[in-house]
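K.L.:
Below: one structure in structure tokens.
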Amino acid sequence: ANIHVPFPAGPITPIANSGVGMYVATRAEDAQRVTSVTFGPTVGLGAVVEFDFGELQAIVNWHEARAKFGNQSTDGSVVRESLAVTQINLAYMYVF
């Protein structure tokens, strides 16, 4: 879900997003491969800047999920591992 603030501050419009992502990760050790599918939150903050010659959008997103790959702790319980990514997206749009 993306939210565009309805009252831009001049040529800058703040934007925010949040949602749920599906993550597929594979761990390979020697000949053994384990794949995990998991779900987790995603959030982002940024802005759209309007120029006479187009628009520039910049947004920072964070994604996170917890996956099980069959690893065990010293007491034998299954260990969940964190899969996290922070990314910066830049986009330019020119309307003609």
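Order determines the names: the first chain of the structure tokens is A, the second B, and so forth; residues in each chain are numbered 1 upward, and ligands are numbered 1 upward as they are shown.
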What's around stretch 25-40 of chain A at 12 Å? Count only C-alpha atoms, leave out sequence neighbours fewer than 5 positions away in its own chain, and write the answer as JSON, numbers by chain.
P.N.:
{"A": [18, 19, 20, 62, 63, 64, 65, 66, 67, 68, 69, 70, 71, 80, 81, 82, 83, 84, 85]}
K.L.:
Find the residues around A:Ala47 up to 8 Å (only C-alpha atoms counted), leave out those fewer than 2 positions away in its own chain, and share them as a PyMOL selection string.
P.N.:
chain A and resi 12-15+45+49+57-59
K.L.:
Suppose we keep N, CA and C atoms; can you now write the selection as a compact mmCIF listing (two decimals), in the first residue's frame?
P.N.:
# COMPACT_ATOMS: atom_id res chain seq x y z
N ILE A 12 7.36 19.22 -3.47
CA ILE A 12 7.71 17.94 -2.84
C ILE A 12 6.47 17.30 -2.24
N THR A 13 6.23 16.03 -2.59
CA THR A 13 5.12 15.26 -2.04
C THR A 13 5.69 14.09 -1.24
N PRO A 14 5.51 14.06 0.08
CA PRO A 14 5.97 12.92 0.87
C PRO A 14 5.17 11.66 0.50
N ILE A 15 5.83 10.50 0.52
CA ILE A 15 5.15 9.23 0.29
C ILE A 15 5.60 8.23 1.33
N LEU A 45 9.76 5.04 3.27
CA LEU A 45 9.51 6.48 3.33
C LEU A 45 10.29 7.16 2.23
N VAL A 49 9.57 14.62 -6.10
CA VAL A 49 9.92 16.02 -6.35
C VAL A 49 9.58 16.33 -7.81
N GLN A 57 11.50 10.44 -7.98
CA GLN A 57 11.00 9.78 -6.78
C GLN A 57 12.17 9.09 -6.09
N ALA A 58 12.31 9.30 -4.80
CA ALA A 58 13.32 8.63 -3.98
C ALA A 58 12.62 8.02 -2.78
N ILE A 59 12.86 6.75 -2.53
CA ILE A 59 12.22 6.07 -1.40
C ILE A 59 13.19 5.06 -0.80
K.L.:
Among the residues of chain A, find those DSSP assigns to strand (DSSP E or B) from the backbone and print them as a PyMOL selection string.
P.N.:
chain A and resi 2-4+9+12-29+32-51+54-72+78-93
K.L.:
If you count only C-alpha atoms, which residues fall within 8 Å of A:Tyr92, apart from same-chain ones fewer than 6 positions away, as a VMD selection string?
P.N.:
chain A and resid 54 to 57
K.L.:
Just checking: using only C-alpha atoms, which residue out of A:Val79, A:Ile88, A:Val48, A:Val43 ends up closest to A:Val60?
P.N.:
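Smallest separation from A:Val60 among the options: A:Ile88.
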K.L.:
I want to know what sits within 8 Å of A:Pro11, based on only C-alpha atoms, with residues of the same chain fewer than 3 positions away left out; could you give that as a PyMOL selection string?
P.N.:
chain A and resi 8+49-51
K.L.:
Grab the atom CA of A:Met93 to atom CA of A:Thr42 distance for me, in Å with one decimal place.
P.N.:
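For atom CA of A:Met93 relative to atom CA of A:Thr42, the distance reads 24.1 Å.
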K.L.:
Go ahead and compute the interatomic distance for atom CA of A:Ala9 and atom CA of A:Val95, in Å to one decimal.
P.N.:
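The value is 21.2 Å.
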